[in-house]
file query.pdb (PDB, C-alpha atoms)
ATOM      1  CA  MET A   1     125.695 129.250  96.115
ATOM      2  CA  TRP A   2     126.749 131.535  93.286
ATOM      3  CA  ARG A   3     126.395 135.327  93.242
ATOM      4  CA  CYS A   4     125.573 137.288  90.097
ATOM      5  CA  LEU A   5     127.831 140.341  89.876
ATOM      6  CA  GLY A   6     125.243 142.108  87.724
ATOM      7  CA  CYS A   7     121.939 141.878  89.623
ATOM      8  CA  GLU A   8     123.496 140.739  92.954
ATOM      9  CA  ALA A   9     121.060 137.823  93.323
ATOM     10  CA  ALA A  10     122.414 134.422  94.403
ATOM     11  CA  TYR A  11     121.404 130.911  93.363
ATOM     12  CA  LEU A  12     122.228 127.393  94.498
ATOM     13  CA  ASP A  13     123.935 125.154  91.928
ATOM     14  CA  PRO A  14     123.881 122.184  92.046
ATOM     15  CA  ARG A  15     120.574 121.961  93.867
ATOM     16  CA  PRO A  16     117.780 119.463  94.622
ATOM     17  CA  ASN A  17     115.103 119.140  91.976
ATOM     18  CA  GLU A  18     111.366 119.555  92.592
ATOM     19  CA  HIS A  19     110.992 115.839  93.358
ATOM     20  CA  SER A  20     113.926 115.407  95.757
ATOM     21  CA  ILE A  21     113.650 118.726  97.664
ATOM     22  CA  GLY A  22     111.010 117.309 100.014
ATOM     23  CA  ARG A  23     113.678 115.311 101.841
ATOM     24  CA  ALA A  24     115.077 118.609 103.174
ATOM     25  CA  TYR A  25     111.779 119.408 104.931
ATOM     26  CA  GLN A  26     111.083 116.207 106.856
ATOM     27  CA  ASN A  27     111.622 117.879 110.238
ATOM     28  CA  TYR A  28     110.565 121.394 109.263
ATOM     29  CA  TYR A  29     108.779 123.702 111.715
ATOM     30  CA  THR A  30     105.481 123.691 109.764
ATOM     31  CA  HIS A  31     104.302 120.612 111.651
ATOM     32  CA  ALA A  32     103.432 122.514 114.849
ATOM     33  CA  ARG A  33      99.864 123.198 115.962
ATOM     34  CA  PRO A  34      98.430 126.329 114.259
ATOM     35  CA  GLU A  35      97.790 129.420 116.399
ATOM     36  CA  SER A  36      96.558 132.939 115.654
ATOM     37  CA  ALA A  37      98.864 135.790 116.628
ATOM     38  CA  ILE A  38      96.054 137.892 118.111
ATOM     39  CA  SER A  39      93.091 135.776 119.226
ATOM     40  CA  GLY A  40      92.047 134.028 122.382
ATOM     41  CA  GLN A  41      93.341 136.116 125.252
ATOM     42  CA  ARG A  42      92.187 139.681 124.678
ATOM     43  CA  ARG A  43      91.843 140.353 128.386
ATOM     44  CA  ARG A  44      95.589 140.203 128.781
ATOM     45  CA  VAL A  45      97.171 143.653 128.914
ATOM     46  CA  LYS A  46      99.788 142.716 126.301
ATOM     47  CA  VAL A  47      97.157 141.688 123.754
ATOM     48  CA  ARG A  48      94.873 144.667 124.460
ATOM     49  CA  ARG A  49      97.847 146.984 124.046
ATOM     50  CA  GLN A  50      98.697 145.403 120.689
ATOM     51  CA  LEU A  51      95.100 145.682 119.489
ATOM     52  CA  GLY A  52      95.140 149.377 120.383
ATOM     53  CA  TYR A  53      98.170 149.758 118.127
ATOM     54  CA  TYR A  54      96.367 147.993 115.278
ATOM     55  CA  ASN A  55      93.300 150.203 115.712
ATOM     56  CA  ALA A  56      95.435 153.349 115.541
ATOM     57  CA  HIS A  57      97.834 152.374 112.758
ATOM     58  CA  TYR A  58      96.016 149.856 110.576
ATOM     59  CA  GLY A  59      92.402 151.025 110.681
ATOM     60  CA  TYR A  60      90.921 148.223 112.786
ATOM     61  CA  ASP A  61      88.156 148.592 115.343
ATOM     62  CA  PHE A  62      88.885 145.902 117.904
ATOM     63  CA  SER A  63      86.755 146.017 121.012
ATOM     64  CA  GLY A  64      88.598 145.761 124.308
ATOM     65  CA  ALA A  65      91.697 147.395 122.835
ATOM     66  CA  TRP A  66      93.796 149.683 125.017
ATOM     67  CA  PRO A  67      93.945 153.083 123.224
ATOM     68  CA  LEU A  68      97.230 154.087 124.892
ATOM     69  CA  GLY A  69      98.864 151.040 123.348
ATOM     70  CA  LYS A  70      99.737 153.101 120.299
ATOM     71  CA  LEU A  71     102.013 155.310 122.409
ATOM     72  CA  ILE A  72     104.010 152.380 123.787
ATOM     73  CA  PHE A  73     104.697 151.056 120.308
ATOM     74  CA  LYS A  74     105.568 154.530 119.063
ATOM     75  CA  PHE A  75     108.625 154.683 121.322
ATOM     76  CA  ASP A  76     109.730 151.048 121.085
ATOM     77  CA  ARG A  77     110.819 150.134 117.563
ATOM     78  CA  ALA A  78     111.455 146.483 118.372
ATOM     79  CA  LYS A  79     108.002 146.025 119.889
ATOM     80  CA  ALA A  80     106.328 147.875 116.998
ATOM     81  CA  SER A  81     108.204 145.700 114.512
ATOM     82  CA  ARG A  82     107.030 142.500 116.209
ATOM     83  CA  ALA A  83     103.451 143.764 116.131
ATOM     84  CA  ASP A  84     103.706 144.762 112.460
ATOM     85  CA  TYR A  85     105.125 141.421 111.370
ATOM     86  CA  ALA A  86     102.621 139.463 113.459
ATOM     87  CA  ILE A  87      99.921 140.677 111.033
ATOM     88  CA  ARG A  88     102.331 141.209 108.100
ATOM     89  CA  HIS A  89     101.389 144.897 107.881
ATOM     90  CA  LEU A  90      97.859 143.924 106.805
ATOM     91  CA  PRO A  91      95.411 146.864 106.995
ATOM     92  CA  ALA A  92      91.754 146.497 107.923
ATOM     93  CA  PRO A  93      89.676 144.992 105.077
ATOM     94  CA  ALA A  94      88.568 147.599 102.562
ATOM     95  CA  ARG A  95      85.572 145.568 101.405
ATOM     96  CA  GLU A  96      83.288 142.772 102.530
ATOM     97  CA  GLY A  97      84.689 139.348 101.700
ATOM     98  CA  ALA A  98      88.275 140.544 101.139
ATOM     99  CA  LEU A  99      90.405 137.470 100.475
ATOM    100  CA  VAL A 100      94.055 136.714 101.219
ATOM    101  CA  LEU A 101      96.324 133.897 100.055
ATOM    102  CA  ASP A 102      99.242 132.697 102.164
ATOM    103  CA  VAL A 103     101.713 130.813  99.970
ATOM    104  CA  GLY A 104     103.715 128.232 101.877
ATOM    105  CA  CYS A 105     101.292 128.628 104.761
ATOM    106  CA  GLY A 106     102.687 125.719 106.771
ATOM    107  CA  ASN A 107     100.252 124.677 109.468
ATOM    108  CA  GLY A 108      98.023 127.694 108.781
ATOM    109  CA  SER A 109      98.787 129.961 111.732
ATOM    110  CA  PHE A 110      98.681 133.117 109.615
ATOM    111  CA  LEU A 111      95.370 132.026 108.100
ATOM    112  CA  MET A 112      93.970 132.071 111.635
ATOM    113  CA  THR A 113      95.435 135.537 112.175
ATOM    114  CA  ALA A 114      93.980 136.851 108.888
ATOM    115  CA  ARG A 115      90.603 135.404 109.782
ATOM    116  CA  ASP A 116      90.713 137.174 113.159
ATOM    117  CA  LEU A 117      91.514 140.394 111.286
ATOM    118  CA  GLY A 118      88.295 140.059 109.278
ATOM    119  CA  TYR A 119      89.557 138.462 106.076
ATOM    120  CA  ALA A 120      88.640 135.260 104.302
ATOM    121  CA  ALA A 121      91.859 133.269 103.938
ATOM    122  CA  VAL A 122      93.222 130.501 101.733
ATOM    123  CA  GLY A 123      96.534 128.730 102.228
ATOM    124  CA  LEU A 124      98.773 126.995  99.702
ATOM    125  CA  GLU A 125     101.219 124.425 101.063
ATOM    126  CA  PRO A 126     103.278 121.585  99.469
ATOM    127  CA  ASP A 127     103.797 119.588 102.693
ATOM    128  CA  GLU A 128     101.032 116.999 103.034
ATOM    129  CA  ASP A 129     101.344 116.744 106.833
ATOM    130  CA  ALA A 130     101.078 120.505 107.234
ATOM    131  CA  VAL A 131      98.051 120.568 104.904
ATOM    132  CA  SER A 132      96.359 117.933 107.058
ATOM    133  CA  ARG A 133      97.043 119.862 110.263
ATOM    134  CA  GLY A 134      95.642 123.058 108.775
ATOM    135  CA  ARG A 135      92.525 121.351 107.508
ATOM    136  CA  ALA A 136      92.012 119.610 110.852
ATOM    137  CA  ALA A 137      91.947 123.093 112.423
ATOM    138  CA  GLY A 138      89.132 124.097 110.056
ATOM    139  CA  LEU A 139      91.296 126.137 107.682
ATOM    140  CA  ASP A 140      91.109 126.322 103.886
ATOM    141  CA  VAL A 141      94.522 124.903 102.992
ATOM    142  CA  ARG A 142      95.164 123.692  99.447
ATOM    143  CA  ALA A 143      97.967 121.352  98.452
ATOM    144  CA  GLY A 144     100.401 122.918  95.987
ATOM    145  CA  LEU A 145     102.903 125.693  95.399
ATOM    146  CA  LEU A 146     103.826 128.382  92.900
ATOM    147  CA  PRO A 147     103.864 128.722  89.963
ATOM    148  CA  HIS A 148     101.215 126.117  89.034
ATOM    149  CA  THR A 149      98.563 126.776  91.679
ATOM    150  CA  GLY A 150      95.405 125.972  89.712
ATOM    151  CA  LEU A 151      93.711 128.892  91.498
ATOM    152  CA  PRO A 152      91.447 131.326  89.591
ATOM    153  CA  GLU A 153      92.853 134.632  88.369
ATOM    154  CA  ASN A 154      91.841 138.068  89.725
ATOM    155  CA  THR A 155      90.866 136.526  93.064
ATOM    156  CA  PHE A 156      92.962 137.771  95.979
ATOM    157  CA  ASP A 157      93.278 141.183  97.614
ATOM    158  CA  TYR A 158      96.586 140.268  99.251
ATOM    159  CA  ILE A 159      99.088 137.470  98.698
ATOM    160  CA  PHE A 160     101.750 136.680 101.294
ATOM    161  CA  LEU A 161     105.043 134.832 100.960
ATOM    162  CA  ASN A 162     106.735 134.825 104.354
ATOM    163  CA  HIS A 163     110.237 133.436 103.760
ATOM    164  CA  VAL A 164     108.917 131.385 100.843
ATOM    165  CA  PHE A 165     110.111 133.020  97.620
ATOM    166  CA  GLU A 166     113.707 131.863  98.200
ATOM    167  CA  HIS A 167     112.466 128.238  98.297
ATOM    168  CA  LEU A 168     110.921 128.306  94.819
ATOM    169  CA  HIS A 169     112.518 126.587  91.837
ATOM    170  CA  ARG A 170     111.092 129.022  89.253
ATOM    171  CA  PRO A 171     110.874 132.479  90.855
ATOM    172  CA  ARG A 172     110.130 134.451  87.695
ATOM    173  CA  GLU A 173     107.232 132.189  86.768
ATOM    174  CA  ALA A 174     106.074 132.431  90.371
ATOM    175  CA  ALA A 175     106.049 136.236  90.206
ATOM    176  CA  ALA A 176     103.926 136.100  87.046
ATOM    177  CA  GLU A 177     101.515 133.704  88.736
ATOM    178  CA  ILE A 178     101.169 135.984  91.773
ATOM    179  CA  LEU A 179     100.277 138.873  89.462
ATOM    180  CA  ARG A 180      97.661 136.702  87.751
ATOM    181  CA  LEU A 181      96.044 135.661  91.033
ATOM    182  CA  LEU A 182      95.768 139.168  92.468
ATOM    183  CA  ARG A 183      92.769 141.387  91.841
ATOM    184  CA  PRO A 184      93.650 144.638  90.021
ATOM    185  CA  GLY A 185      95.087 146.905  92.686
ATOM    186  CA  GLY A 186      95.882 143.932  94.942
ATOM    187  CA  ARG A 187      99.197 143.667  96.751
ATOM    188  CA  VAL A 188     101.860 141.060  97.358
ATOM    189  CA  TRP A 189     103.909 140.980 100.582
ATOM    190  CA  LEU A 190     107.216 139.099 100.551
ATOM    191  CA  SER A 191     109.936 138.585 103.135
ATOM    192  CA  GLN A 192     113.225 136.726 102.885
ATOM    193  CA  PRO A 193     116.866 136.748 104.082
ATOM    194  CA  ASN A 194     118.823 139.755 102.882
ATOM    195  CA  LEU A 195     122.040 139.435 100.897
ATOM    196  CA  HIS A 196     123.088 142.852 102.234
ATOM    197  CA  ALA A 197     122.776 141.613 105.839
ATOM    198  CA  ALA A 198     125.382 142.516 108.441
ATOM    199  CA  GLY A 199     125.329 138.866 109.535
ATOM    200  CA  LEU A 200     126.356 137.621 106.103
ATOM    201  CA  ALA A 201     129.361 139.941 106.161
ATOM    202  CA  LEU A 202     130.288 138.657 109.640
ATOM    203  CA  PHE A 203     129.666 134.899 109.321
ATOM    204  CA  GLY A 204     130.112 134.248 105.592
ATOM    205  CA  GLU A 205     129.337 130.642 104.655
ATOM    206  CA  PHE A 206     127.979 129.981 108.168
ATOM    207  CA  TRP A 207     125.306 132.683 107.959
ATOM    208  CA  ARG A 208     121.935 131.226 108.914
ATOM    209  CA  GLY A 209     120.158 132.973 106.036
ATOM    210  CA  LEU A 210     121.864 130.844 103.373
ATOM    211  CA  GLU A 211     120.130 127.635 104.528
ATOM    212  CA  ALA A 212     121.243 125.380 101.707
ATOM    213  CA  PRO A 213     119.775 123.259 100.235
ATOM    214  CA  ARG A 214     116.325 124.670 101.099
ATOM    215  CA  HIS A 215     117.110 128.196  99.894
ATOM    216  CA  LEU A 216     117.483 128.088  96.133
ATOM    217  CA  CYS A 217     117.594 131.814  95.280
ATOM    218  CA  LEU A 218     118.376 134.821  97.487
ATOM    219  CA  TYR A 219     118.103 138.513  96.712
ATOM    220  CA  THR A 220     118.761 142.040  97.785
ATOM    221  CA  TYR A 221     115.824 144.435  97.868
ATOM    222  CA  ASP A 222     116.866 145.871  94.490
ATOM    223  CA  SER A 223     117.284 142.500  92.772
ATOM    224  CA  LEU A 224     113.953 141.156  94.049
ATOM    225  CA  SER A 225     112.226 144.406  93.073
ATOM    226  CA  ARG A 226     113.587 143.919  89.553
ATOM    227  CA  VAL A 227     112.029 140.454  89.340
ATOM    228  CA  LEU A 228     108.647 141.851  90.405
ATOM    229  CA  ARG A 229     108.888 144.880  88.140
ATOM    230  CA  GLU A 230     109.650 142.684  85.120
ATOM    231  CA  ALA A 231     106.588 140.575  86.005
ATOM    232  CA  GLY A 232     104.405 143.703  85.857
ATOM    233  CA  PHE A 233     104.251 144.937  89.466
ATOM    234  CA  VAL A 234     104.437 148.593  90.461
ATOM    235  CA  ASP A 235     104.852 150.607  93.688
ATOM    236  CA  MET A 236     107.581 148.497  95.274
ATOM    237  CA  LYS A 237     108.220 149.505  98.880
ATOM    238  CA  MET A 238     110.701 148.214 101.441
ATOM    239  CA  LEU A 239     109.195 147.857 104.910
ATOM    240  CA  ALA A 240     110.861 148.497 108.255
ATOM    241  CA  ALA A 241     113.243 145.761 109.367
ATOM    242  CA  GLU A 242     111.905 142.881 111.451
ATOM    243  CA  GLY A 243     114.717 142.875 114.018
ATOM    244  CA  THR A 244     115.746 139.229 113.648
ATOM    245  CA  ALA A 245     119.508 139.621 114.157
ATOM    246  CA  GLU A 246     119.695 137.872 117.537
ATOM    247  CA  SER A 247     118.175 134.696 116.106
ATOM    248  CA  TYR A 248     120.322 134.825 112.948
ATOM    249  CA  PHE A 249     123.546 135.574 114.828
ATOM    250  CA  ARG A 250     123.000 132.911 117.507
ATOM    251  CA  GLN A 251     122.361 130.192 114.950
ATOM    252  CA  SER A 252     125.177 131.371 112.676
ATOM    253  CA  LEU A 253     127.619 131.304 115.588
ATOM    254  CA  ALA A 254     126.531 127.747 116.428
ATOM    255  CA  MET A 255     127.140 126.619 112.854
ATOM    256  CA  ARG A 256     130.550 128.272 112.763
ATOM    257  CA  LEU A 257     131.423 126.266 115.885
ATOM    258  CA  GLY A 258     130.108 123.036 114.352
ATOM    259  CA  LEU A 259     127.074 122.901 116.678
ATOM    260  CA  ASN A 260     123.394 122.312 116.007
ATOM    261  CA  PRO A 261     121.881 125.745 115.241
ATOM    262  CA  GLN A 262     118.544 124.615 116.702
ATOM    263  CA  GLN A 263     119.961 123.886 120.150
ATOM    264  CA  GLU A 264     118.300 125.699 123.041
ATOM    265  CA  ASP A 265     121.499 126.650 124.880
ATOM    266  CA  SER A 266     123.452 129.658 123.652
ATOM    267  CA  PRO A 267     126.735 128.686 121.944
ATOM    268  CA  PRO A 268     130.118 129.618 123.476
ATOM    269  CA  GLY A 269     130.954 133.250 122.785
ATOM    270  CA  TRP A 270     127.345 134.375 122.554
ATOM    271  CA  GLU A 271     127.075 136.165 125.886
ATOM    272  CA  THR A 272     130.630 137.510 125.743
ATOM    273  CA  GLY A 273     130.442 139.390 122.483
ATOM    274  CA  VAL A 274     128.229 138.138 119.656
ATOM    275  CA  LYS A 275     124.984 139.008 121.449
ATOM    276  CA  LYS A 276     126.116 142.625 121.632
ATOM    277  CA  GLN A 277     126.969 142.564 117.918
ATOM    278  CA  ALA A 278     123.514 141.163 117.144
ATOM    279  CA  ARG A 279     121.783 143.923 119.077
ATOM    280  CA  ALA A 280     123.869 146.514 117.257
ATOM    281  CA  ALA A 281     122.875 144.888 113.950
ATOM    282  CA  ASN A 282     119.215 145.101 114.944
ATOM    283  CA  GLU A 283     119.537 148.803 115.712
ATOM    284  CA  GLY A 284     121.330 149.311 112.425
ATOM    285  CA  GLY A 285     118.529 147.496 110.624
ATOM    286  CA  PHE A 286     115.895 149.698 112.246
ATOM    287  CA  ARG A 287     117.774 152.775 111.017
ATOM    288  CA  ALA A 288     118.580 151.342 107.574
ATOM    289  CA  PRO A 289     116.283 148.412 106.597
ATOM    290  CA  GLU A 290     118.495 147.520 103.644
ATOM    291  CA  THR A 291     121.086 146.146 106.129
ATOM    292  CA  GLY A 292     118.683 143.962 108.162
ATOM    293  CA  GLU A 293     119.134 140.203 108.372
ATOM    294  CA  SER A 294     115.899 139.862 106.419
ATOM    295  CA  PHE A 295     113.761 142.314 104.519
ATOM    296  CA  ALA A 296     110.133 142.600 103.529
ATOM    297  CA  LEU A 297     108.569 144.468 100.656
ATOM    298  CA  THR A 298     105.179 145.091  99.142
ATOM    299  CA  ALA A 299     104.249 145.586  95.503
ATOM    300  CA  ARG A 300     100.971 146.277  93.725
ATOM    301  CA  ARG A 301      99.263 144.864  90.662
ATOM    302  CA  PRO A 302      98.281 147.828  88.440
ATOM    303  CA  GLY A 303      94.598 148.663  88.182
TER     304      GLY A 303
END
call {"tool": "encode", "arguments": {"input": "query.pdb", "output": "structure tokens"}}
result
Amino acid sequence: MWRCLGCEAAYLDPRPNEHSIGRAYQNYYTHARPESAISGQRRRVKVRRQLGYYNAHYGYDFSGAWPLGKLIFKFDRAKASRADYAIRHLPAPAREGALVLDVGCGNGSFLMTARDLGYAAVGLEPDEDAVSRGRAAGLDVRAGLLPHTGLPENTFDYIFLNHVFEHLHRPREAAAEILRLLRPGGRVWLSQPNLHAAGLALFGEFWRGLEAPRHLCLYTYDSLSRVLREAGFVDMKMLAAEGTAESYFRQSLAMRLGLNPQQEDSPPGWETGVKKQARAANEGGFRAPETGESFALTARRPG
């Protein structure tokens, strides 16, 4: 992976082409059963608390929500972050029939979440098995990926790419396609590993966020904002950090030791030092999102 000293973005070279890249996803996590982040068990205190937070901060009107939930999340940044990212900071629908697109939707779990939030939802996914699982669950999942979606322009209120943009072979064309698909005033939400991450500085080539050969391009907030701005987007905004350092650090440590990063047991050295470093990195990311292991941003189509 090469780093541009001008824009600070990084790109993989050599890399798989668009026909061979599928071999890197044969055992990818998108083959699990889809599940909504908020539905099904609203009687549970944890869920009612979370719904109270959404009512207070995102304009929803969920019945059965616990109003005091907003106070718990106010004083617990990690818990608030998990709640925010569970719905990808999606506010209550501003109009009847508001439509979202989840690019790289996998098995369709976020489509279920968006539907529970009151949106109509479409998914775009290149993996045929994941498409089948989503459709079997009654979800509108289309086969394909950016930039050539075949979807109609001026259609979507929100478009989401959750750790997807770094997988695309033609990111600038993809950004232009996202702009085309959004309604005027619509927003895109993107998240991806952060090239300014504390974990990258600590683990170097073993940092989990690099994920070659699946990750083809990686960015800082500034370099990704530049791509979107050149495509025509405005109002770029970095969101609060997700707090993913423990996962990144644990897997990075395993790789540095030559172990499987997906193993369930913690690698040697985790409990005796690296776990503490990961928690410190999380706190640092909450204070300064530009140093988080991953970052998320939103941008708006003018109009």
call {"tool": "resolve_selection", "arguments": {"input": "query.pdb", "expression": "the PyMOL selection byres ((chain A and resi 168) around 10)", "output": "ChimeraX atom specification"}}
result
/A:18,145-147,164-167,169-174,214-217
call {"tool": "resolve_selection", "arguments": {"input": "query.pdb", "expression": "the PyMOL selection byres ((chain A and resi 117) around 12)", "output": "ChimeraX atom specification"}}
result
/A:36-39,51,54-55,58-62,86-94,97-100,110-116,118-121
call {"tool": "atom_distance", "arguments": {"input": "query.pdb", "atom1": "CA of Trp2 (chain A)", "atom2": "CA of Leu190 (chain A)"}}
result
22.2 Å
call {"tool": "atom_distance", "arguments": {"input": "query.pdb", "atom1": "CA of Tyr221 (chain A)", "atom2": "CA of Met1 (chain A)"}}
result
18.2 Å
call {"tool": "residues_around", "arguments": {"input": "query.pdb", "residues": "region 150-156 of chain A", "least_positions_apart": "6", "cutoff": "9 Å", "atoms": "only C-alpha atoms", "output": "PyMOL selection string"}}
result
chain A and resi 98-101+144+177+179-184+186-187
call {"tool": "decode", "arguments": {"input": "query.pdb", "residues": "region 48-72 of chain A", "atoms": "N, CA and C atoms", "output": "tab-separated table (two decimals), in the first residue's frame"}}
result
chain	number	residue	atom	x	y	z
A	48	ARG	N	-35.56	-0.15	25.46
A	48	ARG	CA	-36.42	0.99	25.76
A	48	ARG	C	-35.59	2.23	26.08
A	49	ARG	N	-34.48	2.03	26.76
A	49	ARG	CA	-33.57	3.11	27.09
A	49	ARG	C	-33.01	3.73	25.80
A	50	GLN	N	-32.59	2.86	24.88
A	50	GLN	CA	-32.02	3.31	23.61
A	50	GLN	C	-33.05	4.06	22.79
A	51	LEU	N	-34.28	3.58	22.77
A	51	LEU	CA	-35.34	4.27	22.03
A	51	LEU	C	-35.62	5.64	22.62
A	52	GLY	N	-35.54	5.76	23.94
A	52	GLY	CA	-35.69	7.07	24.57
A	52	GLY	C	-34.63	8.05	24.11
A	53	TYR	N	-33.42	7.55	23.93
A	53	TYR	CA	-32.32	8.38	23.40
A	53	TYR	C	-32.63	8.82	21.97
A	54	TYR	N	-33.13	7.91	21.15
A	54	TYR	CA	-33.46	8.27	19.77
A	54	TYR	C	-34.60	9.29	19.72
A	55	ASN	N	-35.58	9.14	20.58
A	55	ASN	CA	-36.68	10.11	20.61
A	55	ASN	C	-36.15	11.50	20.95
A	56	ALA	N	-35.24	11.57	21.91
A	56	ALA	CA	-34.75	12.87	22.38
A	56	ALA	C	-33.75	13.51	21.42
A	57	HIS	N	-32.93	12.70	20.76
A	57	HIS	CA	-31.82	13.27	19.99
A	57	HIS	C	-32.00	13.19	18.48
A	58	TYR	N	-32.89	12.34	18.01
A	58	TYR	CA	-33.04	12.18	16.57
A	58	TYR	C	-34.46	12.43	16.07
A	59	GLY	N	-35.35	12.88	16.95
A	59	GLY	CA	-36.68	13.28	16.52
A	59	GLY	C	-37.67	12.17	16.32
A	60	TYR	N	-37.40	10.97	16.85
A	60	TYR	CA	-38.35	9.87	16.70
A	60	TYR	C	-39.45	9.95	17.76
A	61	ASP	N	-40.45	9.11	17.60
A	61	ASP	CA	-41.56	9.06	18.54
A	61	ASP	C	-41.91	7.61	18.82
A	62	PHE	N	-40.95	6.86	19.31
A	62	PHE	CA	-41.15	5.45	19.59
A	62	PHE	C	-42.01	5.27	20.83
A	63	SER	N	-43.04	4.47	20.73
A	63	SER	CA	-43.83	4.13	21.90
A	63	SER	C	-43.05	3.14	22.76
A	64	GLY	N	-43.30	3.16	24.05
A	64	GLY	CA	-42.61	2.26	24.95
A	64	GLY	C	-41.20	2.67	25.30
A	65	ALA	N	-40.76	3.82	24.78
A	65	ALA	CA	-39.40	4.28	25.07
A	65	ALA	C	-39.31	4.79	26.51
A	66	TRP	N	-38.14	4.68	27.07
A	66	TRP	CA	-37.89	5.16	28.43
A	66	TRP	C	-37.31	6.57	28.35
A	67	PRO	N	-38.07	7.62	28.72
A	67	PRO	CA	-37.61	8.99	28.55
A	67	PRO	C	-36.28	9.29	29.23
A	68	LEU	N	-36.01	8.67	30.39
A	68	LEU	CA	-34.76	8.95	31.09
A	68	LEU	C	-33.55	8.33	30.40
A	69	GLY	N	-33.80	7.55	29.35
A	69	GLY	CA	-32.69	6.97	28.62
A	69	GLY	C	-31.72	8.00	28.09
A	70	LYS	N	-32.26	9.16	27.73
A	70	LYS	CA	-31.39	10.21	27.16
A	70	LYS	C	-30.34	10.66	28.16
A	71	LEU	N	-30.65	10.60	29.46
A	71	LEU	CA	-29.69	11.04	30.46
A	71	LEU	C	-28.54	10.05	30.61
A	72	ILE	N	-28.85	8.76	30.52
A	72	ILE	CA	-27.80	7.74	30.63
A	72	ILE	C	-26.79	7.89	29.50
